[in-house]
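Novice: Contents of start35.txt (compact mmCIF, C-alpha atoms) are given next:
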# COMPACT_ATOMS: atom_id res chain seq x y z
CA ASN A 419 111.77 100.61 106.22
CA ALA A 420 109.97 97.44 105.19
CA GLY A 421 106.74 99.19 104.26
CA VAL A 422 103.33 97.69 104.94
CA MET A 423 103.68 93.93 105.38
CA GLN A 424 100.80 91.58 104.71
CA ASN A 425 100.75 87.85 105.16
CA PRO A 426 100.08 85.40 103.86
CA ARG A 427 100.35 86.52 100.23
CA HIS A 428 98.04 83.71 99.12
CA LEU A 429 95.50 81.85 101.23
CA VAL A 430 93.28 78.96 100.17
CA ARG A 431 90.36 77.99 102.38
CA ARG A 432 87.52 75.53 101.97
CA ARG A 433 83.98 76.78 102.38
CA GLY A 434 83.09 77.03 106.06
CA GLN A 435 86.66 77.50 107.30
CA GLU A 436 88.09 80.63 108.89
CA ALA A 437 90.53 83.00 107.20
CA ARG A 438 92.92 85.22 109.14
CA LEU A 439 94.74 87.98 107.29
CA ARG A 440 97.55 89.91 108.94
CA CYS A 441 98.87 93.41 108.38
CA SER A 442 101.85 95.12 109.97
CA PRO A 443 101.77 98.87 109.23
CA MET A 444 104.79 100.95 108.34
CA LYS A 445 106.97 101.92 111.26
CA GLY A 446 105.52 104.99 112.92
CA HIS A 447 102.06 104.52 111.39
CA SER A 448 99.24 104.02 113.85
CA HIS A 449 96.28 104.13 111.42
CA VAL A 450 95.33 101.01 109.48
CA TYR A 451 92.76 100.59 106.70
CA TRP A 452 91.49 97.41 105.06
CA TYR A 453 90.21 97.31 101.48
CA ARG A 454 88.82 94.49 99.35
CA GLN A 455 89.34 94.24 95.60
CA LEU A 456 87.17 91.97 93.50
CA PRO A 457 88.09 91.08 89.91
CA GLU A 458 87.19 93.91 87.50
CA GLU A 459 86.18 96.14 90.43
CA GLY A 460 87.84 98.92 92.34
CA LEU A 461 89.10 98.84 95.88
CA LYS A 462 86.22 98.90 98.38
CA PHE A 463 86.74 100.32 101.85
CA MET A 464 86.07 97.89 104.67
CA VAL A 465 87.34 99.22 107.99
CA TYR A 466 89.58 101.84 109.58
CA LEU A 467 91.37 101.10 112.85
CA GLN A 468 93.73 102.74 115.26
CA LYS A 469 95.52 100.90 118.02
CA GLU A 470 92.86 99.02 120.06
CA ASN A 471 90.01 100.98 118.42
CA ILE A 472 87.72 100.51 115.44
CA ILE A 473 87.11 104.00 114.07
CA ASP A 474 84.95 103.29 111.01
CA GLU A 475 83.61 99.87 110.03
CA SER A 476 80.94 101.11 107.63
CA GLY A 477 82.30 98.93 104.80
CA MET A 478 82.40 95.68 106.72
CA PRO A 479 79.74 93.02 106.06
CA LYS A 480 77.58 92.73 109.15
CA GLU A 481 78.20 89.02 109.62
CA ARG A 482 81.28 86.78 109.60
CA PHE A 483 83.80 89.64 109.23
CA SER A 484 85.73 91.24 112.07
CA ALA A 485 88.91 93.28 112.45
CA GLU A 486 91.21 94.21 115.26
CA PHE A 487 94.41 96.19 115.79
CA PRO A 488 95.76 95.25 119.21
CA LYS A 489 98.19 97.26 121.27
CA GLU A 490 100.93 94.81 120.36
CA GLY A 491 101.17 92.96 117.07
CA PRO A 492 99.65 93.24 113.63
CA SER A 493 96.14 94.15 112.59
CA ILE A 494 94.01 91.08 111.86
CA LEU A 495 91.10 90.78 109.44
CA ARG A 496 89.12 87.68 110.31
CA ILE A 497 86.54 86.03 108.08
CA GLN A 498 84.53 83.23 109.64
CA GLN A 499 82.75 80.47 107.71
CA VAL A 500 84.11 81.64 104.37
CA VAL A 501 82.00 81.37 101.21
CA ARG A 502 83.03 81.45 97.53
CA GLY A 503 82.00 85.10 97.30
CA ASP A 504 84.71 86.03 99.81
CA SER A 505 87.38 85.17 97.22
CA ALA A 506 89.18 88.45 96.53
CA ALA A 507 92.38 90.38 97.12
CA TYR A 508 92.45 92.05 100.52
CA PHE A 509 94.71 95.08 100.89
CA CYS A 510 95.87 96.79 104.01
CA ALA A 511 97.09 100.40 104.06
CA SER A 512 98.53 102.55 106.79
CA SER A 513 99.09 106.23 107.47
CA GLU A 514 100.92 108.27 110.06
CA ASP A 515 97.83 110.17 111.14
CA ARG A 516 94.24 110.64 110.08
CA ALA A 517 94.98 113.82 108.15
CA ASN A 518 97.57 112.07 106.00
CA TYR A 519 95.45 110.78 103.17
CA GLY A 520 98.26 109.37 101.07
CA TYR A 521 97.95 105.84 102.36
CA THR A 522 100.78 103.34 101.86
CA PHE A 523 99.47 99.98 100.71
CA GLY A 524 100.75 96.48 101.26
CA SER A 525 100.99 93.87 98.51
CA GLY A 526 97.75 92.22 99.55
CA THR A 527 96.49 88.78 100.50
CA ARG A 528 94.76 86.84 97.77
CA LEU A 529 92.07 84.68 99.32
CA THR A 530 90.65 81.79 97.32
CA VAL A 531 87.70 79.85 98.71
CA VAL A 532 87.26 76.40 97.19
CA GLU B 286 77.20 108.66 98.63
CA ASP B 287 80.68 109.51 97.43
CA GLN B 288 81.44 108.18 93.94
CA VAL B 289 84.47 108.03 91.67
CA THR B 290 84.20 107.01 88.01
CA GLN B 291 87.16 106.38 85.73
CA SER B 292 87.29 106.22 81.96
CA PRO B 293 88.17 104.55 79.75
CA GLU B 294 88.15 101.11 81.37
CA ALA B 295 91.07 100.06 79.18
CA LEU B 296 93.43 101.93 76.89
CA ARG B 297 95.94 100.58 74.39
CA LEU B 298 98.65 102.94 73.18
CA GLN B 299 101.65 102.66 70.94
CA GLU B 300 104.93 103.70 72.50
CA GLY B 301 105.20 107.47 72.21
CA GLU B 302 101.46 108.00 71.70
CA SER B 303 100.30 110.52 74.32
CA SER B 304 96.83 110.31 75.90
CA SER B 305 94.78 111.16 78.98
CA LEU B 306 92.87 109.17 81.61
CA ASN B 307 89.76 110.67 83.17
CA CYS B 308 88.49 110.55 86.73
CA SER B 309 85.17 112.18 87.61
CA TYR B 310 84.11 112.40 91.22
CA THR B 311 81.15 113.27 93.39
CA VAL B 312 82.44 113.78 96.92
CA SER B 313 81.14 115.94 99.72
CA GLY B 314 83.87 118.16 101.04
CA LEU B 315 86.77 116.91 98.91
CA ARG B 316 89.96 116.92 100.95
CA GLY B 317 92.21 115.37 98.33
CA LEU B 318 92.28 113.57 94.97
CA PHE B 319 94.79 110.77 94.61
CA TRP B 320 96.32 108.84 91.75
CA TYR B 321 97.84 105.40 92.28
CA ARG B 322 99.52 102.93 89.97
CA GLN B 323 98.87 99.20 90.45
CA ASP B 324 100.90 96.46 88.80
CA PRO B 325 99.51 92.90 88.56
CA GLY B 326 99.74 91.04 91.86
CA LYS B 327 100.84 94.13 93.79
CA GLY B 328 99.31 96.79 95.96
CA PRO B 329 98.60 100.32 94.75
CA GLU B 330 101.62 102.61 94.58
CA PHE B 331 101.07 106.28 95.37
CA LEU B 332 101.67 108.73 92.52
CA PHE B 333 100.07 112.13 93.23
CA THR B 334 97.84 114.09 95.56
CA LEU B 335 95.87 117.11 94.35
CA TYR B 336 94.05 119.32 96.83
CA SER B 337 92.40 122.17 94.92
CA ALA B 338 91.02 122.97 91.48
CA GLY B 339 93.68 124.23 89.13
CA GLU B 340 96.45 122.32 90.84
CA GLU B 341 98.87 120.27 88.70
CA LYS B 342 101.54 117.73 89.65
CA GLU B 343 104.16 116.12 87.39
CA LYS B 344 106.37 113.08 87.63
CA GLU B 345 108.43 111.92 84.66
CA ARG B 346 105.93 111.26 81.81
CA LEU B 347 102.86 111.73 84.02
CA LYS B 348 100.97 114.91 84.81
CA ALA B 349 97.85 115.07 86.97
CA THR B 350 95.39 117.96 86.90
CA LEU B 351 92.28 118.75 88.94
CA THR B 352 89.04 120.65 88.31
CA LYS B 353 85.99 120.92 90.56
CA LYS B 354 84.46 117.78 89.06
CA GLU B 355 87.27 115.87 87.34
CA SER B 356 90.89 114.92 87.37
CA PHE B 357 93.01 113.95 84.41
CA LEU B 358 96.17 111.90 84.25
CA HIS B 359 98.09 112.91 81.15
CA ILE B 360 100.68 110.48 79.84
CA THR B 361 103.24 111.99 77.48
CA ALA B 362 105.24 109.75 75.13
CA PRO B 363 104.49 106.59 77.14
CA LYS B 364 106.85 103.63 77.29
CA PRO B 365 105.98 99.92 77.75
CA GLU B 366 107.01 100.15 81.41
CA ASP B 367 104.12 102.58 81.96
CA SER B 368 101.72 99.66 81.41
CA ALA B 369 99.69 99.22 84.61
CA THR B 370 96.29 99.91 86.11
CA TYR B 371 95.89 103.53 87.15
CA LEU B 372 93.57 104.16 90.08
CA CYS B 373 91.96 107.41 91.05
CA ALA B 374 90.69 107.95 94.61
CA ALA B 375 88.89 110.82 96.30
CA TYR B 376 88.96 111.60 100.00
CA GLY B 377 85.87 113.12 101.63
CA ASN B 378 85.62 111.32 104.96
CA LYS B 379 87.23 108.16 103.62
CA LEU B 380 89.28 107.21 100.58
CA VAL B 381 86.93 106.08 97.76
CA PHE B 382 88.44 104.45 94.69
CA GLY B 383 87.36 104.26 91.07
CA ALA B 384 87.51 100.94 89.20
CA GLY B 385 90.71 101.94 87.41
CA THR B 386 91.98 102.27 83.85
CA ILE B 387 94.07 99.41 82.48
CA LEU B 388 96.81 100.93 80.33
CA ARG B 389 98.80 98.82 77.84
CA VAL B 390 101.67 100.45 75.96
CA LYS B 391 103.08 98.47 73.04
CA SER B 392 106.52 98.99 71.59
In structure tokens, write the structure found in this file.

Specialist:
Amino acid sequence: NAGVMQNPRHLVRRRGQEARLRCSPMKGHSHVYWYRQLPEEGLKFMVYLQKENIIDESGMPKERFSAEFPKEGPSILRIQQVVRGDSAAYFCASSEDRANYGYTFGSGTRLTVV
Amino acid sequence: EDQVTQSPEALRLQEGESSSLNCSYTVSGLRGLFWYRQDPGKGPEFLFTLYSAGEEKEKERLKATLTKKESFLHITAPKPEDSATYLCAAYGNKLVFGAGTILRVKS
């Protein structure tokens, strides 16, 4: 069991470019969660998805950010027209069902905007 | 709004010096209180889940306890390999994390 796989591990983008972060949940897990971690801050919830559905996006910035979890393939967190303030570690977690609160986290993608 | 506050922000211990980390929470309808360990450059690693006041869980040198307003992570006779950031998270209708306690254990 490979666990939650995130790629890339590190991503550098220039201001104005697009960033695409990928997350493959653990085998058998159909619930995916994205969190952002800024230096010296805790993990902040962004979005919760099930296959082909966004369940809760209350933590997502209203502009430039979007997420999807298609029927086939990994979940994607997409950031358009990145700005310096988007630099952070982005973590994906998965769970078997909604009642299983003990999420398994991936190793994260560290986004640097230059 | 659900909130989780951890203290202290950082803690330095000598090897063998026991201590406790605090997590206070304000969550509507708490369904679970979680402790995670995070090493630099890695994702959080699950340690414990506590569901009701009075519950305790143990794993090696770590013991987590829960009251109606707080949780404590007790570290007994820590070793340098226990150095990490310890995260507390509370689940009401989503998992809300505290900012963490950075623990450094020196030999």

Novice: Pull the neighbourhood of (97.4, 88.8, 96.4) for me: all residues within 12 Å in file coordinates, counting only C-alpha atoms, as an MDAnalysis selection string.

Specialist: (chainID A and resid 424:430 439 454:457 505:510 524:530) or (chainID B and resid 324:329)

Novice: In Å, rounded to a single decimal, give me how far atom CA of B:Thr350 is from atom CA of B:Asn307.

Specialist: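 A separation of 9.9 Å between them.
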
Novice: Output the contact residues of chain B with respect to chain A at a cut-off of 9 Å, based on only C-alpha atoms, as JSON, numbers by chain.

Specialist: {"B": [316, 317, 319, 326, 327, 328, 329, 330, 331, 333, 334, 372, 376, 379, 380, 381, 382, 383, 384, 385]}

Novice: I'd like the neighbourhood of B:Lys354 as a ChimeraX atom specification, where a residue qualifies if any of its atoms comes within 9 Å (using all atoms listed in the file), though same-chain residues fewer than 2 positions away should be ignored.

Specialist: /B:308-311,338,351-352,356

Novice: Using all atoms listed in the file, find the one residue out of B:Leu306, B:Ala374, B:Leu388, B:Ala369 that sits nearest to B:Ala349.

Specialist: B:Leu306

Novice: So what do you get for atom CA of A:Ile472 versus atom CA of A:Ile497, distance-wise?

Specialist: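 Spanning atom CA of A:Ile472 to atom CA of A:Ile497 is a straight-line distance of 16.3 Å.
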
Novice: In Å to one decimal, how far is atom CA of A:Lys489 from atom CA of A:Arg440?

Specialist: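 A separation of 14.4 Å between them.
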